[in-house]
file work24.tsv (TSV, C-alpha atoms and all ligand atoms)
chain	number	residue	atom	x	y	z
A	741	MET	CA	5.66	38.01	-56.46
A	742	ILE	CA	2.29	39.41	-57.61
A	743	PHE	CA	4.17	42.38	-59.02
A	744	VAL	CA	6.43	40.12	-61.10
A	745	ILE	CA	3.46	38.12	-62.41
A	746	THR	CA	1.66	41.35	-63.33
A	747	VAL	CA	4.72	42.61	-65.19
A	748	VAL	CA	5.06	39.32	-67.11
A	749	ILE	CA	1.35	39.38	-68.09
A	750	LEU	CA	1.61	43.03	-69.19
A	751	VAL	CA	4.72	42.30	-71.29
A	752	PHE	CA	2.86	39.45	-73.01
A	753	LEU	CA	-0.11	41.74	-73.65
A	754	ILE	CA	2.14	44.39	-75.16
A	755	ILE	CA	3.86	41.88	-77.46
A	756	PHE	CA	0.48	40.53	-78.48
A	757	GLN	CA	-0.83	44.03	-79.25
A	758	ILE	CA	2.28	44.93	-81.29
A	759	ALA	CA	1.96	41.71	-83.27
A	760	LYS	CA	-1.68	42.52	-83.97
A	761	ALA	CA	-0.89	46.09	-84.92
A	762	SER	CA	1.83	45.02	-87.35
A	763	GLU	CA	-0.64	42.56	-88.87
A	764	TYR	CA	-3.06	45.41	-89.58
A	765	VAL	CA	-0.21	47.49	-91.00
A	766	ALA	CA	0.72	44.55	-93.22
A	767	VAL	CA	-2.84	44.34	-94.50
A	768	LEU	CA	-2.82	48.07	-95.22
A	769	LYS	CA	0.57	48.08	-96.93
A	770	GLY	CA	0.17	44.77	-98.65
A	771	GLU	CA	1.52	41.57	-97.04
A	772	ASP	CA	4.26	41.02	-99.55
A	773	ARG	CA	5.93	44.38	-99.12
A	774	ALA	CA	5.79	44.16	-95.34
A	775	ARG	CA	7.42	40.72	-95.32
A	776	LYS	CA	10.25	41.87	-97.54
A	777	GLU	CA	10.87	44.85	-95.31
A	778	ASN	CA	10.89	42.61	-92.26
A	779	ASN	CA	13.38	40.30	-93.92
A	780	LYS	CA	15.74	43.19	-94.59
A	781	ILE	CA	15.52	44.37	-90.99
A	782	ASN	CA	16.14	40.84	-89.71
A	783	GLY	CA	19.11	40.46	-92.05
A	784	PHE	CA	20.62	43.65	-90.67
A	785	PHE	CA	20.07	42.43	-87.09
A	786	MET	CA	21.85	39.18	-87.89
A	787	ILE	CA	25.02	41.04	-88.89
A	788	ALA	CA	24.71	43.48	-85.97
A	789	PHE	CA	24.30	40.55	-83.57
A	790	LEU	CA	27.32	38.78	-85.05
A	791	ILE	CA	29.58	41.82	-84.67
A	792	ALA	CA	28.29	42.73	-81.19
A	793	GLY	CA	28.56	39.08	-80.10
A	794	LEU	CA	32.16	38.67	-81.25
A	795	ILE	CA	33.15	41.98	-79.64
A	796	GLY	CA	31.41	40.79	-76.45
A	797	VAL	CA	33.34	37.51	-76.45
A	798	TYR	CA	36.63	39.37	-76.89
A	799	TRP	CA	35.73	41.92	-74.20
A	800	CYS	CA	34.74	39.24	-71.65
A	801	ASN	CA	38.00	37.47	-72.36
A	802	THR	CA	40.22	40.51	-71.73
A	803	LEU	CA	38.16	41.41	-68.65
A	804	LEU	CA	38.27	37.99	-66.99
A	805	ILE	CA	41.52	36.39	-68.14
A	806	ASP	CA	43.43	37.81	-65.14
A	807	LYS	CA	40.95	36.20	-62.76
A	808	THR	CA	41.57	32.70	-64.10
A	809	LEU	CA	44.51	30.41	-63.45
A	810	LEU	CA	45.47	30.47	-67.14
A	811	VAL	CA	47.86	33.38	-66.70
A	812	HIS	CA	49.76	31.60	-63.92
A	813	PRO	CA	52.14	28.75	-64.55
A	814	SER	CA	51.25	25.30	-63.33
A	815	ALA	CA	53.27	24.37	-60.24
A	816	SER	CA	53.65	20.69	-61.12
A	817	LEU	CA	55.04	18.70	-64.05
A	818	GLN	CA	51.71	16.89	-64.37
A	819	GLY	CA	49.84	20.20	-64.29
A	820	GLU	CA	51.82	21.39	-67.29
A	821	LYS	CA	50.39	18.46	-69.23
A	822	VAL	CA	46.88	19.39	-68.06
A	823	ASP	CA	47.49	22.98	-69.16
A	824	SER	CA	48.68	21.93	-72.60
A	825	MET	CA	45.59	19.73	-73.03
A	826	LEU	CA	43.37	22.65	-72.03
A	827	LEU	CA	45.20	24.90	-74.47
A	828	VAL	CA	44.76	22.43	-77.35
A	829	THR	CA	41.05	21.93	-76.53
A	830	LEU	CA	40.40	25.67	-76.21
A	831	THR	CA	42.25	26.40	-79.46
A	832	ILE	CA	40.31	23.79	-81.44
A	833	THR	CA	36.90	24.65	-79.98
A	834	GLY	CA	37.71	28.39	-80.22
A	835	ILE	CA	38.48	28.19	-83.95
A	836	VAL	CA	35.36	26.08	-84.58
A	837	PHE	CA	33.25	28.51	-82.53
A	838	VAL	CA	34.36	31.60	-84.46
A	839	ILE	CA	34.00	29.94	-87.90
A	840	THR	CA	30.54	28.47	-87.19
A	841	GLN	CA	29.18	31.68	-85.64
A	842	ILE	CA	30.38	33.79	-88.58
A	843	ALA	CA	28.95	31.26	-91.06
A	844	LEU	CA	25.62	31.07	-89.20
A	845	PHE	CA	24.89	34.79	-89.08
A	846	TRP	CA	26.56	35.71	-92.38
A	847	PHE	CA	24.55	33.07	-94.28
A	848	ALA	CA	21.32	34.26	-92.65
A	849	PHE	CA	22.09	37.76	-93.93
A	850	LYS	CA	23.52	36.87	-97.32
A	851	TYR	CA	20.86	34.38	-98.36
A	852	GLN	CA	17.80	36.29	-97.30
A	853	GLU	CA	14.85	36.39	-99.68
A	854	SER	CA	15.72	37.94	-103.01
A	855	GLU	CA	13.93	38.28	-106.30
A	856	LYS	CA	17.16	37.64	-108.19
A	857	ARG	CA	17.57	34.14	-106.75
A	858	LYS	CA	15.58	30.96	-106.67
A	859	PRO	CA	15.91	28.59	-103.69
A	860	PHE	CA	18.07	25.58	-104.45
A	861	TYR	CA	16.67	22.28	-103.22
A	862	PHE	CA	19.50	20.58	-101.32
A	863	PRO	CA	18.15	17.90	-98.97
A	864	HIS	CA	21.07	15.52	-98.55
A	865	ASN	CA	24.74	15.02	-99.38
A	866	ASN	CA	26.62	11.92	-98.29
A	867	THR	CA	30.11	13.40	-98.73
A	868	MET	CA	29.30	16.32	-96.45
A	869	GLU	CA	27.66	14.07	-93.85
A	870	ILE	CA	30.79	11.93	-93.76
A	871	ILE	CA	33.11	14.95	-93.49
A	872	TRP	CA	31.27	16.58	-90.58
A	873	THR	CA	30.96	13.28	-88.75
A	874	VAL	CA	34.45	11.89	-89.26
A	875	ILE	CA	36.52	15.04	-88.60
A	876	PRO	CA	34.96	15.85	-85.18
A	877	ALA	CA	35.08	12.12	-84.29
A	878	ILE	CA	38.83	11.99	-85.00
A	879	ALA	CA	39.48	15.26	-83.17
A	880	LEU	CA	37.54	14.15	-80.07
A	881	THR	CA	39.19	10.72	-80.08
A	882	VAL	CA	42.65	12.32	-80.11
A	883	LEU	CA	41.69	14.63	-77.21
A	884	VAL	CA	40.20	11.78	-75.18
A	885	VAL	CA	43.20	9.49	-75.78
A	886	ILE	CA	45.67	12.17	-74.67
A	887	GLY	CA	43.47	12.85	-71.60
A	888	LEU	CA	43.23	9.18	-70.66
A	889	ARG	CA	46.97	8.65	-71.04
A	890	ASN	CA	47.65	11.57	-68.69
A	891	TRP	CA	44.99	10.44	-66.23
A	892	PHE	CA	46.44	6.94	-66.08
A	893	SER	CA	49.93	8.33	-65.49
A	894	PHE	CA	48.78	10.60	-62.58
A	895	THR	CA	46.90	7.78	-60.89
A	896	SER	CA	49.34	4.95	-61.64
A	897	ASP	CA	52.20	3.83	-59.39
A	898	ALA	CA	54.37	6.72	-58.30
A	899	PRO	CA	58.14	6.62	-58.98
A	900	LYS	CA	60.15	4.70	-56.38
A	901	ASP	CA	61.76	7.81	-54.93
A	902	ALA	CA	58.39	9.47	-54.28
A	903	MET	CA	57.55	10.67	-50.80
A	904	VAL	CA	54.21	9.44	-49.55
A	905	VAL	CA	51.74	11.41	-47.48
A	906	GLU	CA	48.33	10.25	-46.37
A	907	VAL	CA	45.63	12.93	-46.63
A	908	THR	CA	42.41	12.48	-44.67
A	909	GLY	CA	39.46	14.82	-45.07
A	910	LYS	CA	37.13	15.50	-42.17
A	911	GLN	CA	34.37	17.97	-41.51
A	912	PHE	CA	35.99	20.53	-41.87
A	913	GLY	CA	39.72	20.28	-42.41
A	914	TRP	CA	42.57	18.06	-43.53
A	915	ILE	CA	44.78	15.69	-41.56
A	916	PHE	CA	48.19	14.70	-42.96
A	917	ARG	CA	50.17	11.63	-41.95
A	918	TYR	CA	53.80	10.80	-42.71
A	919	PRO	CA	54.93	7.20	-42.25
A	920	GLY	CA	57.88	8.05	-40.00
A	921	GLU	CA	61.32	6.42	-40.04
A	922	ASP	CA	60.11	2.90	-40.87
A	923	GLY	CA	58.42	4.17	-44.04
A	924	VAL	CA	55.28	2.19	-43.15
A	925	PHE	CA	51.89	3.65	-42.27
A	926	GLY	CA	50.58	1.98	-39.13
A	927	LYS	CA	47.08	0.50	-39.20
A	928	LYS	CA	44.04	2.54	-38.29
A	929	TYR	CA	40.88	1.58	-36.47
A	930	PHE	CA	37.96	3.98	-36.51
A	931	ARG	CA	36.89	3.13	-32.94
A	932	MET	CA	40.20	4.50	-31.71
A	933	ILE	CA	39.58	7.97	-33.12
A	934	ASP	CA	39.88	10.52	-30.35
A	935	PRO	CA	39.69	14.18	-31.40
A	936	ALA	CA	42.16	15.18	-28.69
A	937	THR	CA	44.87	12.54	-28.90
A	938	ASN	CA	44.27	10.34	-31.94
A	939	SER	CA	42.50	12.21	-34.72
A	940	LEU	CA	43.09	9.44	-37.27
A	941	GLY	CA	42.40	6.47	-35.01
A	942	LEU	CA	45.92	5.06	-35.26
A	943	ASN	CA	45.96	1.55	-33.89
A	944	TRP	CA	48.77	1.53	-31.38
A	945	ARG	CA	48.24	-2.22	-30.96
A	946	ASP	CA	50.33	-2.77	-27.86
A	947	SER	CA	48.04	-0.59	-25.78
A	948	SER	CA	44.62	-1.17	-27.25
A	949	GLY	CA	44.02	-4.74	-26.24
A	950	ILE	CA	41.95	-5.10	-29.40
A	951	ASN	CA	44.71	-6.74	-31.37
A	952	VAL	CA	46.77	-9.38	-29.74
A	953	LYS	CA	49.57	-9.25	-32.27
A	954	ASP	CA	52.09	-6.57	-31.50
A	955	ASP	CA	52.56	-4.13	-34.36
A	956	ILE	CA	54.37	-0.92	-33.67
A	957	SER	CA	54.39	0.51	-37.21
A	958	ALA	CA	51.98	3.24	-36.10
A	959	HIS	CA	54.28	4.37	-33.31
A	960	ASP	CA	56.49	6.57	-35.45
A	961	ASP	CA	53.71	7.97	-37.69
A	962	ILE	CA	53.66	11.74	-37.75
A	963	VAL	CA	50.29	13.46	-37.85
A	964	GLN	CA	49.76	17.10	-38.77
A	965	GLU	CA	46.73	19.26	-39.43
A	966	GLN	CA	46.08	21.98	-42.00
A	967	THR	CA	49.63	22.32	-43.35
A	968	MET	CA	51.47	19.69	-45.31
A	969	TYR	CA	55.13	19.82	-46.31
A	970	ALA	CA	56.41	18.70	-49.70
A	971	VAL	CA	59.76	18.88	-51.47
A	972	LYS	CA	60.45	20.70	-54.73
A	973	ASN	CA	61.19	18.38	-57.70
A	974	LYS	CA	60.43	15.29	-55.63
A	975	PRO	CA	57.43	13.19	-56.67
A	976	LEU	CA	54.73	13.34	-54.03
A	977	LYS	CA	52.24	10.54	-53.70
A	978	LEU	CA	49.00	11.21	-51.84
A	979	ILE	CA	46.95	8.42	-50.33
A	980	ILE	CA	43.58	10.06	-49.92
A	981	GLY	CA	40.75	9.12	-47.60
A	982	SER	CA	38.01	10.60	-45.47
A	983	ARG	CA	36.91	10.29	-41.84
A	984	ASP	CA	33.26	11.13	-42.44
A	985	VAL	CA	31.65	12.17	-45.74
A	986	VAL	CA	32.99	12.44	-49.30
A	987	HIS	CA	35.43	15.33	-49.70
A	988	ASP	CA	37.74	16.17	-52.58
A	989	VAL	CA	41.39	17.20	-52.52
A	990	GLY	CA	41.41	20.17	-54.92
A	991	LEU	CA	44.91	21.23	-55.98
A	992	SER	CA	44.27	24.04	-58.44
A	993	TRP	CA	47.90	25.25	-58.55
A	994	PHE	CA	49.01	21.73	-59.44
A	995	ARG	CA	45.97	21.37	-61.76
A	996	LEU	CA	44.81	18.15	-60.11
A	997	LYS	CA	42.03	16.93	-57.89
A	998	MET	CA	40.91	13.65	-56.39
A	999	ASP	CA	37.91	12.51	-54.36
A	1000	ALA	CA	38.39	11.63	-50.70
A	1001	VAL	CA	36.01	8.74	-50.11
A	1002	PRO	CA	35.47	7.18	-46.66
A	1003	GLY	CA	36.63	3.55	-46.63
A	1004	THR	CA	38.06	3.56	-50.16
A	1005	PRO	CA	41.55	5.05	-50.44
A	1006	THR	CA	42.33	6.90	-53.67
A	1007	THR	CA	45.79	7.87	-54.85
A	1008	LEU	CA	47.36	10.58	-56.93
A	1009	TRP	CA	50.94	11.61	-57.50
A	1010	PHE	CA	52.62	14.69	-58.89
A	1011	THR	CA	55.93	16.55	-58.82
A	1012	PRO	CA	55.89	20.11	-57.47
A	1013	ILE	CA	58.32	22.26	-59.46
A	1014	TYR	CA	58.28	25.57	-57.59
A	1015	THR	CA	58.70	26.20	-53.88
A	1016	THR	CA	56.13	28.34	-52.11
A	1017	LYS	CA	58.76	31.10	-51.99
A	1018	GLU	CA	59.29	30.95	-55.77
A	1019	MET	CA	55.54	31.09	-56.37
A	1020	LYS	CA	55.32	34.24	-54.22
A	1021	GLU	CA	57.66	35.88	-56.73
A	1022	LYS	CA	56.01	34.38	-59.80
A	1023	THR	CA	52.53	35.48	-58.81
A	1024	GLY	CA	53.71	38.79	-57.32
A	1025	ASN	CA	51.67	37.93	-54.23
A	1026	PRO	CA	53.66	38.03	-50.96
A	1027	ASN	CA	50.87	36.09	-49.22
A	1028	PHE	CA	50.78	33.27	-51.74
A	1029	VAL	CA	50.16	29.76	-50.41
A	1030	TYR	CA	49.40	26.51	-52.19
A	1031	GLU	CA	45.84	25.90	-51.15
A	1032	ILE	CA	44.03	22.61	-50.86
A	1033	SER	CA	40.38	23.37	-51.33
A	1034	CYS	CA	37.64	20.87	-50.70
A	1035	ASP	CA	36.09	20.44	-54.15
A	1036	GLN	CA	33.11	18.42	-52.98
A	1037	MET	CA	30.15	20.01	-51.20
A	1038	CYS	CA	30.46	18.34	-47.80
A	1039	GLY	CA	28.46	20.28	-45.23
A	1040	ASN	CA	27.76	23.74	-43.82
A	1041	SER	CA	31.42	24.77	-43.41
A	1042	HIS	CA	32.55	23.29	-46.74
A	1043	TYR	CA	33.70	26.74	-47.88
A	1044	SER	CA	36.23	26.99	-45.04
A	1045	MET	CA	37.75	23.55	-45.53
A	1046	LYS	CA	41.15	24.80	-46.52
A	1047	GLY	CA	44.52	23.13	-46.26
A	1048	ILE	CA	47.98	24.38	-47.19
A	1049	ILE	CA	50.87	22.69	-48.95
A	1050	GLU	CA	54.22	24.21	-48.13
A	1051	VAL	CA	56.67	23.31	-50.91
A	1052	VAL	CA	60.26	23.66	-49.68
A	1053	SER	CA	63.76	22.45	-50.55
A	1054	GLN	CA	64.96	19.04	-49.37
A	1055	ALA	CA	67.17	20.65	-46.71
A	1056	GLU	CA	64.31	22.74	-45.32
A	1057	TYR	CA	62.06	19.68	-45.33
A	1058	ASP	CA	64.61	17.58	-43.44
A	1059	GLU	CA	65.01	20.36	-40.89
A	1060	TRP	CA	61.23	20.57	-40.42
A	1061	MET	CA	60.81	16.80	-40.22
A	1062	ALA	CA	63.53	16.53	-37.57
A	1063	LYS	CA	61.41	18.71	-35.29
A	1064	GLN	CA	58.28	16.57	-35.65
A	1065	LYS	CA	57.20	14.21	-32.93
A	1066	PRO	CA	55.28	11.00	-33.65
A	1067	ALA	CA	51.59	11.15	-32.77
A	1068	TYR	CA	52.19	8.23	-30.40
A	1069	TYR	CA	54.14	10.40	-28.00
A	1070	GLY	CA	51.33	12.93	-28.10
A	1071	ALA	CA	48.89	10.28	-26.94
A	1072	PHE	CA	51.31	8.69	-24.47
A	1073	PRO	CA	53.72	11.40	-23.32
A	1074	GLU	CA	55.28	9.14	-20.72
A	1075	LYS	CA	56.56	6.96	-23.59
A	1076	ASP	CA	58.45	9.86	-25.12
A	1077	PRO	CA	62.17	9.35	-24.59
A	1078	ALA	CA	62.66	13.07	-24.55
A	1079	THR	CA	59.83	13.51	-21.98
A	1080	ILE	CA	59.68	17.14	-22.76
A	1081	LYS	CA	56.74	19.09	-21.35
A	1082	PRO	CA	54.59	20.53	-22.74
A	1083	VAL	CA	54.07	17.87	-25.36
A	1084	THR	CA	53.88	18.80	-29.04
A	1085	PRO	CA	50.18	19.15	-29.78
A	1086	VAL	CA	48.79	16.42	-31.99
A	1087	GLY	CA	45.27	15.65	-33.06
A	1088	ASP	CA	42.58	18.29	-33.46
A	1089	SER	CA	44.44	21.53	-32.97
A	1090	THR	CA	41.66	23.09	-30.89
A	1091	LYS	CA	41.65	20.32	-28.34
A	1092	ALA	CA	45.29	19.31	-28.48
A	1093	VAL	CA	46.10	20.92	-25.15
A	1094	ALA	CA	43.99	18.28	-23.49
A	1095	VAL	CA	46.77	15.71	-23.76
A	1096	LYS	CA	46.82	13.74	-20.57
A	1097	VAL	CA	50.32	13.65	-19.21
A	1098	ASN	CA	49.82	10.86	-16.70
A	1099	GLN	CA	47.55	8.72	-18.79
A	1100	ASN	CA	48.04	5.06	-18.15
A	1101	GLU	CA	48.93	3.49	-21.45
A	1102	LYS	CA	47.05	0.27	-20.60
A	1103	GLN	CA	43.80	2.24	-20.87
A	1104	LEU	CA	41.98	2.64	-24.13
A	1105	PRO	CA	41.90	6.19	-25.39
A	1106	LYS	CA	38.42	7.67	-25.17
A	1107	LYS	CA	35.85	6.33	-27.60
A	1108	ALA	CA	35.47	8.18	-30.85
A	1109	LYS	CA	33.10	11.07	-31.11
A	1110	ILE	CA	32.31	10.96	-34.77
B	1	CU	CU	34.99	18.73	-47.63
call {"tool": "encode", "arguments": {"input": "work24.tsv", "output": "C-alpha cells", "more": "lines below"}}
Ligand SMILES: [Cu+2]
result
Amino acid sequence: MIFVITVVILVFLIIFQIAKASEYVAVLKGEDRARKENNKINGFFMIAFLIAGLIGVYWCNTLLIDKTLLVHPSASLQGEKVDSMLLVTLTITGIVFVITQIALFWFAFKYQESEKRKPFYFPHNNTMEIIWTVIPAIALTVLVVIGLRNWFSFTSDAPKDAMVVEVTGKQFGWIFRYPGEDGVFGKKYFRMIDPATNSLGLNWRDSSGINVKDDISAHDDIVQEQTMYAVKNKPLKLIIGSRDVVHDVGLSWFRLKMDAVPGTPTTLWFTPIYTTKEMKEKTGNPNFVYEISCDQMCGNSHYSMKGIIEVVSQAEYDEWMAKQKPAYYGAFPEKDPATIKPVTPVGDSTKAVAVKVNQNEKQLPKKAKI
C-alpha cells in the first residue's frame, strides 16, 4: 500500500516538474511559438487516437464475437424477436458511434488554431437544437415501443395449447412441477415442506389434517429437480416462484429471463424451436445443454445454481412422462397402486433415499427445515 502511494506521489511530482520545465522552455522560446507547436502536436494525437481507437474497436469485436451468444441462433421464437431488437439497436447506436467519434476527433484536428482563419461566433441555432433532439427522441421511442410490445407478448397469457410447468428456485437449485393428468396444480403450504419427501410443500389435504376440505389435485403432481422436459414447437408457460430468497430464471439460449420472487408468482412463456439434439449439431458442441442459470445473486453457491431444460419431440416427451411417478406416491409409497420398491426418488435428490416405506399417512410429514 505504502509502495503504491509513493509511486502515485512520485508520478505527480514528475508531471509537475515536466509542466514547470515546459513553462521555462516556453518563456525561452517565446510563449506564442510554443503554444502553436503544442497545438500541432495535439492535433496529430487526435487523429492518431481516432485511428488507433477505431482499429481497437474492430479488433475487440473480431476477438470476442465468438464468445458471445450473437453467433448462435436463438432457440425460441420469442428469442428471435429479442435478437432482432438487439440487432436494430446495435446497428443504430453503432452507426451513431462511428460518425460522432470521427466528427469529434477530425474536427479537433481540422479546426485547430490557424493564422488563416478567424473563429466564427456560433452560440445558438434553433434548427439544429430541434434536429438533434427530435431525431434521437423518435428513434428511442420506436425502440422502446417495439420492446414493450414484445415484453407484453412474452408475459401475457400463453396460447391455449401451451404446456405449463411450475419452476421454483431454492438455495441452490431448481424444482420443476408438472400438473399431472388433471392439468391442475395442487395447493402448496410452506409448513409442509420436507426436504426428503415434499420439497415444494404440496398440500395433500386428505392427510394433513390442516384442511378439512378434501382436495386431491396435488396427488398427481409430478415433481422433478434440476432437469425439466419441454417439447419442440410447443409453447411452454413457466409459473415461476421461489422457496427462499429472490432468484432469477435465466434462459440465455431462449433470450429470456424472469425473476423468481418468494410469495409472488411470475410468468413467462416461449416456444422452443430446436431440440437439445439439434442444438448439439448447430453449436458443434456434443455436450450442449440448455442451461437455466440463476441470474440473481442469491447466496454463496449462487454460481452453481444450474438447471437444465431438455427439449425433445412430443413422442419422446410422452414416453418420459409415462415413466414419472407423482410426488404423492414418493411421500406415501403405500398409496402407490404399483407398490414398486424402491420408490422413485422425489424431493431433494440428496435425501430422497430417506423415503419412509411404512409411514402412516395419517401423520404429518416432518416440519419444514427452511
Ligand atoms: Cu439463485
call {"tool": "closest_residue", "arguments": {"input": "work24.tsv", "among": "A:Phe1072, A:Trp914, A:Trp872, A:Phe789", "to": "ligand CU 1 (chain B)", "atoms": "all atoms listed in the file"}}
result
A:Trp914
call {"tool": "closest_residue", "arguments": {"input": "work24.tsv", "among": "A:Tyr764, A:Phe1010, A:Tyr918, A:Trp993", "to": "Tyr969 in chain A", "atoms": "only C-alpha atoms"}}
result
A:Tyr918
call {"tool": "atom_distance", "arguments": {"input": "work24.tsv", "atom1": "CA of Lys807 in chain A", "atom2": "CA of Leu976 in chain A"}}
result
28.1 Å
call {"tool": "residues_near_ligand", "arguments": {"input": "work24.tsv", "ligand": "ligand CU 1 (chain B)", "cutoff": "10 Å", "atoms": "only C-alpha atoms and all ligand atoms", "output": "ChimeraX atom specification"}}
result
/A:909-914,982,984-990,999-1000,1033-1046
call {"tool": "atom_distance", "arguments": {"input": "work24.tsv", "atom1": "CA of Lys760 in chain A", "atom2": "CA of Thr746 in chain A"}}
result
20.9 Å
call {"tool": "closest_residue", "arguments": {"input": "work24.tsv", "among": "A:Ala761, A:Ala877, A:Val838, A:Ala1067", "to": "Gly926 in chain A", "atoms": "all atoms listed in the file"}}
result
A:Ala1067
call {"tool": "closest_residue", "arguments": {"input": "work24.tsv", "among": "A:Gly1070, A:Gln964, A:Arg889, A:Val1051", "to": "Ala936 in chain A", "atoms": "all atoms listed in the file"}}
result
A:Gly1070
call {"tool": "residues_around", "arguments": {"input": "work24.tsv", "residues": "Thr1007 in chain A", "least_positions_apart": "3", "cutoff": "6 Å", "atoms": "only C-alpha atoms", "output": "list of chain:residue names"}}
result
A:Leu978, A:Ile979, A:Ile980
call {"tool": "residues_near_point", "arguments": {"input": "work24.tsv", "point": "(44.2, 19.2, -67.3)", "cutoff": "10 Å", "atoms": "only C-alpha atoms", "output": "mmCIF file with C-alpha atoms, in the coordinates of the input"}}
result
data_model
loop_
_atom_site.group_PDB
_atom_site.id
_atom_site.type_symbol
_atom_site.label_atom_id
_atom_site.label_comp_id
_atom_site.auth_asym_id
_atom_site.auth_seq_id
_atom_site.Cartn_x
_atom_site.Cartn_y
_atom_site.Cartn_z
ATOM 1 C CA GLN A 818 51.710 16.890 -64.370
ATOM 2 C CA GLY A 819 49.840 20.200 -64.290
ATOM 3 C CA GLU A 820 51.820 21.390 -67.290
ATOM 4 C CA LYS A 821 50.390 18.460 -69.230
ATOM 5 C CA VAL A 822 46.880 19.390 -68.060
ATOM 6 C CA ASP A 823 47.490 22.980 -69.160
ATOM 7 C CA SER A 824 48.680 21.930 -72.600
ATOM 8 C CA MET A 825 45.590 19.730 -73.030
ATOM 9 C CA LEU A 826 43.370 22.650 -72.030
ATOM 10 C CA LEU A 827 45.200 24.900 -74.470
ATOM 11 C CA GLY A 887 43.470 12.850 -71.600
ATOM 12 C CA ASN A 890 47.650 11.570 -68.690
ATOM 13 C CA TRP A 891 44.990 10.440 -66.230
ATOM 14 C CA PHE A 994 49.010 21.730 -59.440
ATOM 15 C CA ARG A 995 45.970 21.370 -61.760
ATOM 16 C CA LEU A 996 44.810 18.150 -60.110
ATOM 17 C CA LYS A 997 42.030 16.930 -57.890
#
call {"tool": "atom_distance", "arguments": {"input": "work24.tsv", "atom1": "CA of Ser957 in chain A", "atom2": "CA of Thr1004 in chain A"}}
result
21.1 Å
call {"tool": "closest_residue", "arguments": {"input": "work24.tsv", "among": "A:Glu777, A:Glu869, A:Glu1050, A:Asp922", "to": "Ser854 in chain A", "atoms": "all atoms listed in the file"}}
result
A:Glu777
call {"tool": "closest_residue", "arguments": {"input": "work24.tsv", "among": "A:Leu817, A:Ala970, A:Ile835, A:Leu880", "to": "Val904 in chain A", "atoms": "only C-alpha atoms"}}
result
A:Ala970
call {"tool": "decode", "arguments": {"input": "work24.tsv", "residues": "range 757-788 of chain A", "atoms": "C-alpha atoms", "output": "PDB file, in the first residue's frame"}}
result
ATOM      1  CA  GLN A 757       8.295  19.061 -12.865  1.00  0.00           C
ATOM      2  CA  ILE A 758       7.701  18.459 -16.594  1.00  0.00           C
ATOM      3  CA  ALA A 759       4.970  21.102 -16.617  1.00  0.00           C
ATOM      4  CA  LYS A 760       7.336  23.538 -14.930  1.00  0.00           C
ATOM      5  CA  ALA A 761      10.172  22.709 -17.289  1.00  0.00           C
ATOM      6  CA  SER A 762       7.987  23.230 -20.359  1.00  0.00           C
ATOM      7  CA  GLU A 763       6.904  26.566 -18.898  1.00  0.00           C
ATOM      8  CA  TYR A 764      10.543  27.677 -18.713  1.00  0.00           C
ATOM      9  CA  VAL A 765      11.108  26.422 -22.260  1.00  0.00           C
ATOM     10  CA  ALA A 766       8.070  28.410 -23.367  1.00  0.00           C
ATOM     11  CA  VAL A 767       9.484  31.543 -21.781  1.00  0.00           C
ATOM     12  CA  LEU A 768      12.802  30.950 -23.524  1.00  0.00           C
ATOM     13  CA  LYS A 769      11.285  30.210 -26.929  1.00  0.00           C
ATOM     14  CA  GLY A 770       8.509  32.720 -26.688  1.00  0.00           C
ATOM     15  CA  GLU A 771       5.046  31.682 -25.444  1.00  0.00           C
ATOM     16  CA  ASP A 772       3.320  32.090 -28.754  1.00  0.00           C
ATOM     17  CA  ARG A 773       5.565  29.771 -30.706  1.00  0.00           C
ATOM     18  CA  ALA A 774       5.433  27.098 -28.023  1.00  0.00           C
ATOM     19  CA  ARG A 775       1.629  27.145 -27.940  1.00  0.00           C
ATOM     20  CA  LYS A 776       1.379  26.778 -31.687  1.00  0.00           C
ATOM     21  CA  GLU A 777       3.758  23.848 -31.628  1.00  0.00           C
ATOM     22  CA  ASN A 778       1.753  22.234 -28.853  1.00  0.00           C
ATOM     23  CA  ASN A 779      -1.431  22.684 -30.841  1.00  0.00           C
ATOM     24  CA  LYS A 780       0.083  20.917 -33.830  1.00  0.00           C
ATOM     25  CA  ILE A 781       1.237  18.007 -31.686  1.00  0.00           C
ATOM     26  CA  ASN A 782      -2.198  17.746 -30.057  1.00  0.00           C
ATOM     27  CA  GLY A 783      -3.871  17.838 -33.463  1.00  0.00           C
ATOM     28  CA  PHE A 784      -1.712  14.955 -34.630  1.00  0.00           C
ATOM     29  CA  PHE A 785      -2.544  12.978 -31.471  1.00  0.00           C
ATOM     30  CA  MET A 786      -6.251  13.489 -32.091  1.00  0.00           C
ATOM     31  CA  ILE A 787      -6.016  11.796 -35.497  1.00  0.00           C
ATOM     32  CA  ALA A 788      -3.704   9.072 -34.168  1.00  0.00           C
TER      33      ALA A 788
END
